[in-house]
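As provided, target.tsv (TSV, C-alpha atoms) reads as follows.
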```
chain	number	residue	atom	x	y	z
A	6	MET	CA	-9.09	-30.14	6.23
A	7	ASN	CA	-5.45	-31.18	6.29
A	8	LYS	CA	-2.27	-29.32	5.40
A	9	GLU	CA	-2.22	-30.47	1.75
A	10	GLU	CA	-5.84	-29.47	1.21
A	11	ILE	CA	-5.20	-26.00	2.64
A	12	LEU	CA	-2.14	-25.54	0.44
A	13	GLY	CA	-4.24	-26.70	-2.52
A	14	ILE	CA	-6.89	-24.05	-1.81
A	15	ILE	CA	-4.23	-21.36	-1.45
A	16	THR	CA	-2.65	-22.41	-4.75
A	17	ASP	CA	-6.02	-22.43	-6.53
A	18	ILE	CA	-6.87	-18.91	-5.34
A	19	VAL	CA	-3.43	-17.34	-5.81
A	20	ASP	CA	-2.76	-19.10	-9.13
A	21	PRO	CA	0.98	-18.54	-8.73
A	22	GLU	CA	3.68	-18.52	-11.41
A	23	ASP	CA	6.15	-19.95	-8.88
A	24	GLN	CA	5.20	-22.87	-6.66
A	25	LEU	CA	3.99	-21.96	-3.18
A	26	THR	CA	5.33	-23.91	-0.23
A	27	GLU	CA	4.88	-23.74	3.52
A	28	ASN	CA	8.03	-21.63	3.67
A	29	THR	CA	6.73	-18.97	1.26
A	30	VAL	CA	6.93	-15.55	2.91
A	31	ILE	CA	3.76	-13.65	2.06
A	32	ALA	CA	5.36	-10.19	2.04
A	33	GLU	CA	8.07	-11.36	-0.36
A	34	CYS	CA	5.89	-13.40	-2.71
A	35	GLU	CA	4.98	-11.39	-5.82
A	36	ASP	CA	2.20	-13.85	-6.67
A	37	ILE	CA	0.26	-13.04	-3.49
A	38	ASP	CA	-1.34	-9.61	-3.68
A	39	SER	CA	-3.86	-8.03	-1.32
A	40	LEU	CA	-6.82	-9.15	-3.43
A	41	ALA	CA	-5.62	-12.75	-3.22
A	42	LEU	CA	-5.27	-12.33	0.55
A	43	LEU	CA	-8.82	-11.03	0.77
A	44	ASN	CA	-10.10	-13.97	-1.28
A	45	LEU	CA	-8.17	-16.42	0.90
A	46	PHE	CA	-9.60	-14.87	4.05
A	47	LEU	CA	-13.16	-15.07	2.71
A	48	GLU	CA	-12.65	-18.68	1.63
A	49	PHE	CA	-11.12	-19.78	4.92
A	50	ARG	CA	-13.80	-18.06	6.96
A	51	LYS	CA	-16.30	-20.44	5.35
A	52	VAL	CA	-14.58	-23.33	7.12
A	53	LYS	CA	-13.35	-21.52	10.25
A	54	LYS	CA	-16.22	-19.23	11.08
A	55	ASP	CA	-14.49	-17.56	14.02
A	56	LEU	CA	-11.46	-16.52	11.93
A	57	THR	CA	-10.82	-12.82	12.53
A	58	ILE	CA	-9.16	-10.21	10.35
A	59	THR	CA	-6.48	-9.57	12.96
A	60	GLU	CA	-5.67	-13.27	13.37
A	61	PHE	CA	-5.28	-13.69	9.62
A	62	SER	CA	-3.31	-10.45	9.26
A	63	ASN	CA	-0.69	-11.77	11.71
A	64	CYS	CA	0.31	-14.54	9.29
A	65	LYS	CA	3.74	-13.95	7.78
A	66	THR	CA	4.15	-17.25	5.93
A	67	ILE	CA	1.97	-19.88	4.28
A	68	LYS	CA	2.86	-22.14	7.20
A	69	ASN	CA	1.35	-19.55	9.59
A	70	VAL	CA	-1.88	-19.64	7.55
A	71	ILE	CA	-1.98	-23.44	7.59
A	72	ASN	CA	-1.34	-23.59	11.33
A	73	LEU	CA	-4.02	-20.98	11.99
A	74	LEU	CA	-6.57	-23.07	10.14
A	75	LEU	CA	-5.51	-26.30	11.81
A	76	GLU	CA	-5.83	-24.83	15.32
B	26	MET	CA	14.74	-7.78	-17.77
B	27	LYS	CA	13.50	-4.50	-19.19
B	28	LYS	CA	13.00	-1.81	-16.57
B	29	VAL	CA	9.53	-0.32	-16.19
B	30	ASN	CA	9.31	3.47	-16.45
B	31	ILE	CA	7.68	5.20	-13.50
B	32	ALA	CA	7.11	8.94	-13.11
B	33	PHE	CA	6.35	10.57	-9.78
B	34	ASP	CA	4.91	14.07	-10.19
B	35	ASN	CA	3.89	16.45	-7.43
B	36	PHE	CA	0.31	17.64	-7.98
B	37	ILE	CA	1.55	21.24	-7.97
B	38	TYR	CA	3.23	20.67	-11.34
B	39	LEU	CA	0.28	18.96	-13.03
B	40	SER	CA	-2.00	20.39	-15.70
B	41	GLU	CA	-5.72	20.94	-15.10
B	42	GLN	CA	-6.43	17.98	-17.37
B	43	SER	CA	-4.22	15.68	-15.28
B	44	LEU	CA	-5.82	16.90	-12.05
B	45	LYS	CA	-9.26	16.18	-13.51
B	46	GLN	CA	-8.15	12.64	-14.35
B	47	ILE	CA	-7.04	12.18	-10.73
B	48	LEU	CA	-10.39	13.44	-9.43
B	49	GLU	CA	-12.21	10.97	-11.67
B	50	LEU	CA	-10.35	8.07	-10.05
B	51	ARG	CA	-10.72	9.53	-6.54
B	52	ASN	CA	-14.49	9.86	-7.00
B	53	SER	CA	-14.95	6.38	-8.47
B	54	ASP	CA	-16.95	4.03	-6.24
B	55	GLU	CA	-14.07	1.57	-5.90
B	56	ILE	CA	-11.84	4.27	-4.33
B	57	ARG	CA	-14.24	6.72	-2.68
B	58	ASN	CA	-16.05	4.14	-0.56
B	59	LYS	CA	-12.79	3.02	1.04
B	60	MET	CA	-11.55	6.52	1.98
B	61	ALA	CA	-11.88	8.33	5.30
B	62	ASN	CA	-13.96	10.91	3.40
B	63	THR	CA	-16.46	8.96	1.29
B	64	SER	CA	-18.16	12.04	-0.19
B	65	ILE	CA	-17.97	12.91	-3.88
B	66	ILE	CA	-15.53	15.78	-4.31
B	67	SER	CA	-16.55	18.51	-6.74
B	68	LEU	CA	-14.18	19.78	-9.41
B	69	ASP	CA	-14.08	23.21	-7.75
B	70	GLU	CA	-13.22	21.72	-4.36
B	71	HIS	CA	-10.54	19.54	-5.93
B	72	MET	CA	-8.92	22.36	-7.88
B	73	ALA	CA	-8.95	24.67	-4.83
B	74	PHE	CA	-7.39	21.88	-2.75
B	75	CYS	CA	-4.66	21.29	-5.34
B	76	GLN	CA	-3.93	25.00	-5.61
B	77	LYS	CA	-3.42	25.24	-1.83
B	78	LEU	CA	-0.84	22.44	-1.93
B	79	ASN	CA	1.69	24.84	-3.40
B	80	GLY	CA	3.57	26.21	-0.41
B	81	ASP	CA	1.98	23.85	2.14
B	82	PRO	CA	4.83	21.79	3.67
B	83	THR	CA	2.39	19.68	5.70
B	84	LYS	CA	1.02	17.93	2.62
B	85	LEU	CA	2.54	16.07	-0.31
B	86	TYR	CA	0.44	14.64	-3.13
B	87	ILE	CA	2.08	12.69	-5.94
B	88	ARG	CA	0.68	11.25	-9.14
B	89	ILE	CA	2.26	8.01	-10.35
B	90	CYS	CA	2.36	7.07	-14.01
B	91	VAL	CA	3.61	3.70	-15.25
B	92	GLU	CA	4.77	3.64	-18.85
B	93	ASN	CA	2.89	6.94	-19.28
B	94	GLU	CA	-0.34	5.45	-17.93
B	95	PHE	CA	-1.94	6.95	-14.81
B	96	LEU	CA	-1.60	4.40	-11.99
B	97	GLY	CA	-2.66	6.28	-8.89
B	98	VAL	CA	-1.81	8.64	-6.09
B	99	LEU	CA	0.52	8.60	-3.11
B	100	SER	CA	0.03	11.17	-0.41
B	101	SER	CA	1.23	12.27	2.97
B	102	VAL	CA	-0.54	14.69	5.28
B	103	LYS	CA	0.21	16.13	8.70
B	104	ASN	CA	3.87	16.14	7.65
B	105	ASP	CA	5.92	17.09	10.72
B	106	THR	CA	9.63	17.48	10.07
B	107	ILE	CA	10.32	18.16	13.76
B	108	ASN	CA	8.93	14.84	14.98
B	109	HIS	CA	9.57	13.27	11.53
B	110	THR	CA	6.03	11.88	11.29
B	111	TYR	CA	3.48	11.77	8.50
B	112	VAL	CA	0.19	10.12	7.66
B	113	PRO	CA	0.51	8.25	4.35
B	114	GLY	CA	-2.27	7.43	1.92
B	115	CYS	CA	-2.58	5.89	-1.50
B	116	TYR	CA	-5.05	4.75	-4.10
B	117	PHE	CA	-4.54	2.99	-7.39
B	118	SER	CA	-6.45	2.24	-10.55
B	119	LYS	CA	-7.41	-1.42	-10.32
B	120	LEU	CA	-7.12	-1.78	-14.07
B	121	VAL	CA	-3.56	-0.45	-14.33
B	122	LEU	CA	-2.56	-2.21	-11.10
B	123	SER	CA	-3.51	-5.56	-12.61
B	124	LYS	CA	-0.95	-5.14	-15.41
B	125	TYR	CA	2.10	-5.00	-13.14
B	126	LYS	CA	2.81	-7.60	-10.52
B	127	ASN	CA	3.53	-6.28	-6.99
B	128	ILE	CA	3.58	-2.67	-8.15
B	129	SER	CA	1.44	-1.30	-5.30
B	130	VAL	CA	3.89	-2.70	-2.73
B	131	ASP	CA	6.83	-1.30	-4.71
B	132	MET	CA	5.18	2.12	-4.96
B	133	SER	CA	4.56	2.18	-1.22
B	134	ALA	CA	8.26	1.43	-0.74
B	135	ALA	CA	9.14	4.19	-3.20
B	136	PHE	CA	7.00	6.59	-1.21
B	137	SER	CA	8.79	5.62	2.01
B	138	TYR	CA	12.03	6.44	0.17
B	139	ILE	CA	10.65	9.84	-0.96
B	140	CYS	CA	9.43	10.67	2.54
B	141	TYR	CA	12.68	9.53	4.16
B	142	ASN	CA	14.58	11.91	1.90
B	143	LYS	CA	12.26	14.70	3.03
B	144	GLY	CA	13.02	13.98	6.71
B	145	LEU	CA	9.78	12.07	7.30
B	146	PHE	CA	10.74	8.77	8.92
B	147	TYR	CA	7.70	7.58	10.85
B	148	PRO	CA	4.45	6.84	9.01
B	149	LEU	CA	1.36	7.01	11.23
B	150	ILE	CA	-0.95	4.61	9.42
B	151	TYR	CA	-4.65	4.19	9.97
B	152	VAL	CA	-6.88	1.83	8.03
B	153	ARG	CA	-10.64	1.49	8.15
B	154	LYS	CA	-11.77	-1.69	9.88
B	155	ASP	CA	-14.34	-2.31	7.15
B	156	ASN	CA	-11.61	-2.50	4.50
B	157	PRO	CA	-10.02	-5.94	5.03
B	158	GLN	CA	-8.09	-5.80	1.76
B	159	ALA	CA	-6.28	-2.64	2.94
B	160	ILE	CA	-5.66	-4.21	6.34
B	161	PHE	CA	-4.09	-7.30	4.74
B	162	TYR	CA	-2.11	-5.10	2.33
B	163	ASN	CA	-0.68	-3.05	5.20
B	164	THR	CA	0.03	-5.88	7.60
B	165	MET	CA	0.87	-8.86	5.40
B	166	LYS	CA	2.46	-7.16	2.39
B	167	LEU	CA	3.99	-4.02	3.93
B	168	SER	CA	4.73	-5.57	7.36
B	169	ASN	CA	3.09	-2.75	9.30
B	170	ARG	CA	2.15	-3.56	12.89
B	171	ILE	CA	-1.26	-2.88	14.43
B	172	VAL	CA	-0.62	-0.91	17.61
B	173	ASP	CA	-4.04	0.45	18.48
B	174	GLU	CA	-7.66	0.54	17.36
B	175	ASP	CA	-10.94	2.33	17.89
B	176	ASN	CA	-14.41	1.69	16.50
B	177	THR	CA	-13.48	2.82	12.99
B	178	TYR	CA	-9.75	2.33	12.46
B	179	TYR	CA	-6.74	0.15	13.09
B	180	TYR	CA	-3.63	2.23	13.82
B	181	MET	CA	-0.32	0.87	12.56
B	182	LEU	CA	3.39	1.63	12.68
B	183	ASN	CA	6.37	0.70	10.55
B	184	ASN	CA	10.02	1.22	11.49
B	185	CYS	CA	11.44	0.56	8.02
B	186	THR	CA	13.10	4.00	7.88
B	187	ASP	CA	13.70	4.60	11.59
B	188	PRO	CA	17.15	6.25	11.84
B	189	LYS	CA	17.27	5.39	15.54
B	190	LEU	CA	17.38	1.71	14.61
B	191	GLN	CA	19.48	1.75	11.43
B	192	ASP	CA	22.12	3.93	9.82
B	193	HIS	CA	21.55	5.96	6.67
B	194	GLU	CA	23.30	3.47	4.35
B	195	THR	CA	21.28	0.52	5.68
B	196	ILE	CA	18.04	2.37	5.12
B	197	LEU	CA	19.00	3.40	1.58
B	198	ARG	CA	20.06	-0.15	0.67
B	199	LYS	CA	16.48	-1.32	1.32
B	200	PHE	CA	15.41	0.68	-1.70
B	201	ASP	CA	18.15	-0.46	-4.10
B	202	TYR	CA	15.88	-3.10	-5.62
B	203	LEU	CA	13.48	-0.38	-6.77
B	204	PHE	CA	16.20	1.22	-8.87
B	205	ASP	CA	17.11	-2.20	-10.31
B	206	LYS	CA	13.51	-2.85	-11.30
B	207	TYR	CA	12.30	0.59	-12.41
B	208	ASN	CA	13.47	3.68	-14.24
B	209	MET	CA	12.09	6.21	-11.79
B	210	SER	CA	11.81	9.92	-12.48
B	211	PHE	CA	10.91	12.35	-9.73
B	212	ASN	CA	9.33	15.76	-10.15
B	213	LEU	CA	8.64	16.59	-6.53
```

Before we go any further, please render this structure as structure tokens.
Amino acid sequence: MNKEEILGIITDIVDPEDQLTENTVIAECEDIDSLALLNLFLEFRKVKKDLTITEFSNCKTIKNVINLLLE
Amino acid sequence: MKKVNIAFDNFIYLSEQSLKQILELRNSDEIRNKMANTSIISLDEHMAFCQKLNGDPTKLYIRICVENEFLGVLSSVKNDTINHTYVPGCYFSKLVLSKYKNISVDMSAAFSYICYNKGLFYPLIYVRKDNPQAIFYNTMKLSNRIVDEDNTYYYMLNNCTDPKLQDHETILRKFDYLFDKYNMSFNL
């Protein structure tokens, strides 16, 4: 998976009113609620099976999520 | 943009009918199974608990209504005005929550504001490890930090209203956006 594909998955799950970018701050983005975060975590754990709750919960921005998955 | 009307009412001022409505949500599977106490609470237990809240400074339970619709509950227990600590809790109706974008985050901020004004600055947060949605909500949406864990819980801190780090005006300014977005009435 590359950066664009990850951003595409995030956009599909969040279904935002405003466009999401790498610089989107999760805490400040009204389109990303806790249910969307849960769904993202479950989706990304399918491709990164060792992804932990604490690793994911440390992400502050979309870029952090992308980098975590590209590690 | 039209402001949304929000009412915060202390349980001690609520009618029996309103308290029953709260119990119904608290006992629903979606809420109960994610609480520290997962047992079904009887009406008698609930009413006795609510009655004891009057005159108990260590607990604060607040019902939130949005546009006159019951949204959920904010609570603090183990309130300690000497050490300025409290243990916050909340639960919301999924149905009502879905009608208002970001409202759970805003209501948590509003509760920090209420607690700050009551001399409670430091929330001691614990979240069940088997509730990832609550963990993500606390860490990624509310910016709480995990500081410890045991087999059952993650323990978190937030210094949003720490008067050792910021002055009174700075702390209050953090909540200005709530008053721009909502018409809030408090019956605490």

Per residue of chain B within 6 Å of chain A, record the nearest atom pair and its distance in Å to one decimal, counting only C-alpha atoms, with rows in chain order and ascending residue number, as a tab-separated table.
```
residue	atom	partner	partner_atom	distance
B:Asn127	CA	A:Glu35	CA	5.4
B:Gln158	CA	A:Leu43	CA	5.4
B:Phe161	CA	A:Ser62	CA	5.6
B:Tyr162	CA	A:Ser39	CA	5.0
B:Thr164	CA	A:Ser62	CA	5.9
B:Met165	CA	A:Ala32	CA	5.8
B:Lys166	CA	A:Ala32	CA	4.2
```

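Straight-line separation from atom CA of Glu174 of chain B to atom CA of Asn156 of chain B: 13.8 Å.
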
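Taking atom CA of Ser53 of chain B and atom CA of Gly114 of chain B as the two end points, the separation is 16.4 Å.
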
Using the file's own x, y and z axes, so that the box edges lie along x, y and z, what centre and edge lengths in Å (one decimal) does a box around every listed atom of segment 144-147 of chain B get when 8 Å is added on each side? Give it as AutoDock Vina command-line options.
```
--center_x 10.4 --center_y 10.8 --center_z 8.8 --size_x 21.3 --size_y 22.4 --size_z 20.1
```

List the neighbours of segment 63-68 of chain B out to 10 Å using all atoms listed in the file; skip same-chain residues closer than 5 positions along the sequence, and give me the result as a list in words.
-> Leu44, Lys45, Leu48, Glu49, Arg51, Asn52, Ser53, Asp54, Ile56, Arg57, Asn58, Ala73 and Phe74 of chain B

Can you spit out the residues from that selection as a PDB file, in the coordinates of the input, using C-alpha atoms?
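This is the output file out.pdb:
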```
ATOM      1  CA  LEU B  44      -5.820  16.900 -12.050  1.00  0.00           C
ATOM      2  CA  LYS B  45      -9.260  16.180 -13.510  1.00  0.00           C
ATOM      3  CA  LEU B  48     -10.390  13.440  -9.430  1.00  0.00           C
ATOM      4  CA  GLU B  49     -12.210  10.970 -11.670  1.00  0.00           C
ATOM      5  CA  ARG B  51     -10.720   9.530  -6.540  1.00  0.00           C
ATOM      6  CA  ASN B  52     -14.490   9.860  -7.000  1.00  0.00           C
ATOM      7  CA  SER B  53     -14.950   6.380  -8.470  1.00  0.00           C
ATOM      8  CA  ASP B  54     -16.950   4.030  -6.240  1.00  0.00           C
ATOM      9  CA  ILE B  56     -11.840   4.270  -4.330  1.00  0.00           C
ATOM     10  CA  ARG B  57     -14.240   6.720  -2.680  1.00  0.00           C
ATOM     11  CA  ASN B  58     -16.050   4.140  -0.560  1.00  0.00           C
ATOM     12  CA  ALA B  73      -8.950  24.670  -4.830  1.00  0.00           C
ATOM     13  CA  PHE B  74      -7.390  21.880  -2.750  1.00  0.00           C
TER      14      PHE B  74
END
```

For Ile15 of chain A: contacts at 12 Å, all atoms listed in the file, fewer than 2 positions along chain excluded, given as a compact mmCIF listing (two decimals) with C-alpha atoms, in the coordinates of the input:
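Result file follows (out_39.txt):
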```
# COMPACT_ATOMS: atom_id res chain seq x y z
CA LYS A 8 -2.27 -29.32 5.40
CA GLU A 9 -2.22 -30.47 1.75
CA GLU A 10 -5.84 -29.47 1.21
CA ILE A 11 -5.20 -26.00 2.64
CA LEU A 12 -2.14 -25.54 0.44
CA GLY A 13 -4.24 -26.70 -2.52
CA ASP A 17 -6.02 -22.43 -6.53
CA ILE A 18 -6.87 -18.91 -5.34
CA VAL A 19 -3.43 -17.34 -5.81
CA ASP A 20 -2.76 -19.10 -9.13
CA PRO A 21 0.98 -18.54 -8.73
CA GLN A 24 5.20 -22.87 -6.66
CA LEU A 25 3.99 -21.96 -3.18
CA THR A 26 5.33 -23.91 -0.23
CA GLU A 27 4.88 -23.74 3.52
CA THR A 29 6.73 -18.97 1.26
CA ILE A 31 3.76 -13.65 2.06
CA ASP A 36 2.20 -13.85 -6.67
CA ILE A 37 0.26 -13.04 -3.49
CA ALA A 41 -5.62 -12.75 -3.22
CA LEU A 42 -5.27 -12.33 0.55
CA LEU A 43 -8.82 -11.03 0.77
CA ASN A 44 -10.10 -13.97 -1.28
CA LEU A 45 -8.17 -16.42 0.90
CA PHE A 46 -9.60 -14.87 4.05
CA LEU A 47 -13.16 -15.07 2.71
CA GLU A 48 -12.65 -18.68 1.63
CA PHE A 49 -11.12 -19.78 4.92
CA THR A 66 4.15 -17.25 5.93
CA ILE A 67 1.97 -19.88 4.28
CA LYS A 68 2.86 -22.14 7.20
CA VAL A 70 -1.88 -19.64 7.55
CA ILE A 71 -1.98 -23.44 7.59
CA LEU A 74 -6.57 -23.07 10.14
```

Which polymer residues have any atom within 12 Å of an atom of segment 89-98 of chain B, counting all atoms listed in the file, with same-chain residues fewer than 6 positions away left out, as JSON, numbers by chain?
-> {"B": [27, 28, 29, 30, 31, 32, 33, 34, 35, 36, 39, 43, 44, 45, 46, 47, 48, 49, 50, 51, 56, 113, 114, 115, 116, 117, 118, 119, 120, 121, 122, 123, 124, 125, 128, 129, 131, 132, 133, 135, 136, 207, 208, 209, 210, 211, 212, 213]}

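The space between atom CA of Leu149 of chain B and atom CA of Pro82 of chain B spans 17.0 Å.
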
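For Asn104 of chain B, the set of protein, DNA and RNA residues having any atom at most 7 Å away, when counting all atoms listed in the file and skipping those fewer than 4 positions along the same chain, is Pro82, Thr83, Lys84, Thr110 and Tyr111 of chain B.
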
Selection from above, C-alpha atoms, as a short mmCIF file (atom, residue, chain, number, x, y, z; two decimals), keeping the file's coordinate frame, can you write it?
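Generated file (result_14.cif):
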```cif
data_model
loop_
_atom_site.label_atom_id
_atom_site.label_comp_id
_atom_site.auth_asym_id
_atom_site.auth_seq_id
_atom_site.Cartn_x
_atom_site.Cartn_y
_atom_site.Cartn_z
CA PRO B 82 4.83 21.79 3.67
CA THR B 83 2.39 19.68 5.70
CA LYS B 84 1.02 17.93 2.62
CA THR B 110 6.03 11.88 11.29
CA TYR B 111 3.48 11.77 8.50
#
```

Missing atoms in segment 115-148 of chain B: can you complete it with N, CA and C atoms, as an mmCIF file, keeping the file's coordinate frame?
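Result saved to out-v2.cif:
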```
data_model
loop_
_atom_site.group_PDB
_atom_site.id
_atom_site.type_symbol
_atom_site.label_atom_id
_atom_site.label_comp_id
_atom_site.auth_asym_id
_atom_site.auth_seq_id
_atom_site.Cartn_x
_atom_site.Cartn_y
_atom_site.Cartn_z
ATOM 1 N N CYS B 115 -2.795 6.230 -0.097
ATOM 2 C CA CYS B 115 -2.580 5.890 -1.500
ATOM 3 C C CYS B 115 -3.872 5.343 -2.095
ATOM 4 N N TYR B 116 -4.013 5.486 -3.387
ATOM 5 C CA TYR B 116 -5.050 4.750 -4.100
ATOM 6 C C TYR B 116 -4.575 4.532 -5.539
ATOM 7 N N PHE B 117 -5.022 3.401 -6.079
ATOM 8 C CA PHE B 117 -4.540 2.990 -7.390
ATOM 9 C C PHE B 117 -5.692 2.570 -8.289
ATOM 10 N N SER B 118 -5.489 2.756 -9.567
ATOM 11 C CA SER B 118 -6.450 2.240 -10.550
ATOM 12 C C SER B 118 -6.328 0.721 -10.595
ATOM 13 N N LYS B 119 -7.443 0.047 -10.342
ATOM 14 C CA LYS B 119 -7.410 -1.420 -10.320
ATOM 15 C C LYS B 119 -6.963 -1.974 -11.674
ATOM 16 N N LEU B 120 -7.425 -1.315 -12.724
ATOM 17 C CA LEU B 120 -7.120 -1.780 -14.070
ATOM 18 C C LEU B 120 -5.620 -1.737 -14.357
ATOM 19 N N VAL B 121 -4.997 -0.603 -14.042
ATOM 20 C CA VAL B 121 -3.560 -0.450 -14.330
ATOM 21 C C VAL B 121 -2.753 -1.331 -13.367
ATOM 22 N N LEU B 122 -3.226 -1.387 -12.118
ATOM 23 C CA LEU B 122 -2.560 -2.210 -11.100
ATOM 24 C C LEU B 122 -2.434 -3.665 -11.563
ATOM 25 N N SER B 123 -3.479 -4.141 -12.228
ATOM 26 C CA SER B 123 -3.510 -5.560 -12.610
ATOM 27 C C SER B 123 -2.483 -5.897 -13.692
ATOM 28 N N LYS B 124 -1.915 -4.862 -14.328
ATOM 29 C CA LYS B 124 -0.950 -5.140 -15.410
ATOM 30 C C LYS B 124 0.465 -5.361 -14.902
ATOM 31 N N TYR B 125 0.731 -4.948 -13.655
ATOM 32 C CA TYR B 125 2.100 -5.000 -13.140
ATOM 33 C C TYR B 125 2.131 -5.689 -11.781
ATOM 34 N N LYS B 126 2.766 -6.823 -11.736
ATOM 35 C CA LYS B 126 2.810 -7.600 -10.520
ATOM 36 C C LYS B 126 3.530 -6.835 -9.395
ATOM 37 N N ASN B 127 2.916 -6.835 -8.214
ATOM 38 C CA ASN B 127 3.530 -6.280 -6.990
ATOM 39 C C ASN B 127 3.762 -4.770 -7.026
ATOM 40 N N ILE B 128 3.201 -4.083 -8.001
ATOM 41 C CA ILE B 128 3.580 -2.670 -8.150
ATOM 42 C C ILE B 128 3.073 -1.805 -6.999
ATOM 43 N N SER B 129 1.936 -2.149 -6.393
ATOM 44 C CA SER B 129 1.440 -1.300 -5.300
ATOM 45 C C SER B 129 2.387 -1.367 -4.102
ATOM 46 N N VAL B 130 2.939 -2.552 -3.837
ATOM 47 C CA VAL B 130 3.890 -2.700 -2.730
ATOM 48 C C VAL B 130 5.171 -1.905 -3.058
ATOM 49 N N ASP B 131 5.622 -2.025 -4.305
ATOM 50 C CA ASP B 131 6.830 -1.300 -4.710
ATOM 51 C C ASP B 131 6.616 0.218 -4.635
ATOM 52 N N MET B 132 5.433 0.674 -5.003
ATOM 53 C CA MET B 132 5.180 2.120 -4.960
ATOM 54 C C MET B 132 5.073 2.624 -3.520
ATOM 55 N N SER B 133 4.565 1.797 -2.634
ATOM 56 C CA SER B 133 4.560 2.180 -1.220
ATOM 57 C C SER B 133 5.985 2.290 -0.697
ATOM 58 N N ALA B 134 6.844 1.361 -1.135
ATOM 59 C CA ALA B 134 8.260 1.430 -0.740
ATOM 60 C C ALA B 134 8.902 2.687 -1.318
ATOM 61 N N ALA B 135 8.584 2.980 -2.575
ATOM 62 C CA ALA B 135 9.140 4.190 -3.200
ATOM 63 C C ALA B 135 8.696 5.437 -2.448
ATOM 64 N N PHE B 136 7.478 5.419 -1.955
ATOM 65 C CA PHE B 136 7.000 6.590 -1.210
ATOM 66 C C PHE B 136 7.714 6.716 0.140
ATOM 67 N N SER B 137 8.003 5.573 0.774
ATOM 68 C CA SER B 137 8.790 5.620 2.010
ATOM 69 C C SER B 137 10.158 6.246 1.731
ATOM 70 N N TYR B 138 10.718 5.891 0.576
ATOM 71 C CA TYR B 138 12.030 6.440 0.170
ATOM 72 C C TYR B 138 11.922 7.967 -0.035
ATOM 73 N N ILE B 139 10.855 8.392 -0.719
ATOM 74 C CA ILE B 139 10.650 9.840 -0.960
ATOM 75 C C ILE B 139 10.501 10.562 0.371
ATOM 76 N N CYS B 140 9.679 10.014 1.255
ATOM 77 C CA CYS B 140 9.430 10.670 2.540
ATOM 78 C C CYS B 140 10.691 10.687 3.400
ATOM 79 N N TYR B 141 11.426 9.587 3.380
ATOM 80 C CA TYR B 141 12.680 9.530 4.160
ATOM 81 C C TYR B 141 13.615 10.654 3.730
ATOM 82 N N ASN B 142 13.703 10.862 2.422
ATOM 83 C CA ASN B 142 14.580 11.910 1.900
ATOM 84 C C ASN B 142 14.067 13.317 2.187
ATOM 85 N N LYS B 143 12.815 13.406 2.625
ATOM 86 C CA LYS B 143 12.260 14.700 3.030
ATOM 87 C C LYS B 143 12.263 14.834 4.562
ATOM 88 N N GLY B 144 12.931 13.906 5.254
ATOM 89 C CA GLY B 144 13.020 13.980 6.710
ATOM 90 C C GLY B 144 11.788 13.445 7.419
ATOM 91 N N LEU B 145 10.973 12.674 6.703
ATOM 92 C CA LEU B 145 9.780 12.070 7.300
ATOM 93 C C LEU B 145 10.043 10.569 7.445
ATOM 94 N N PHE B 146 10.281 10.152 8.689
ATOM 95 C CA PHE B 146 10.740 8.770 8.920
ATOM 96 C C PHE B 146 9.640 7.839 9.442
ATOM 97 N N TYR B 147 8.660 8.425 10.138
ATOM 98 C CA TYR B 147 7.700 7.580 10.850
ATOM 99 C C TYR B 147 6.280 7.729 10.305
ATOM 100 N N PRO B 148 5.830 6.762 9.496
ATOM 101 C CA PRO B 148 4.450 6.840 9.010
ATOM 102 C C PRO B 148 3.465 6.474 10.113
#
```
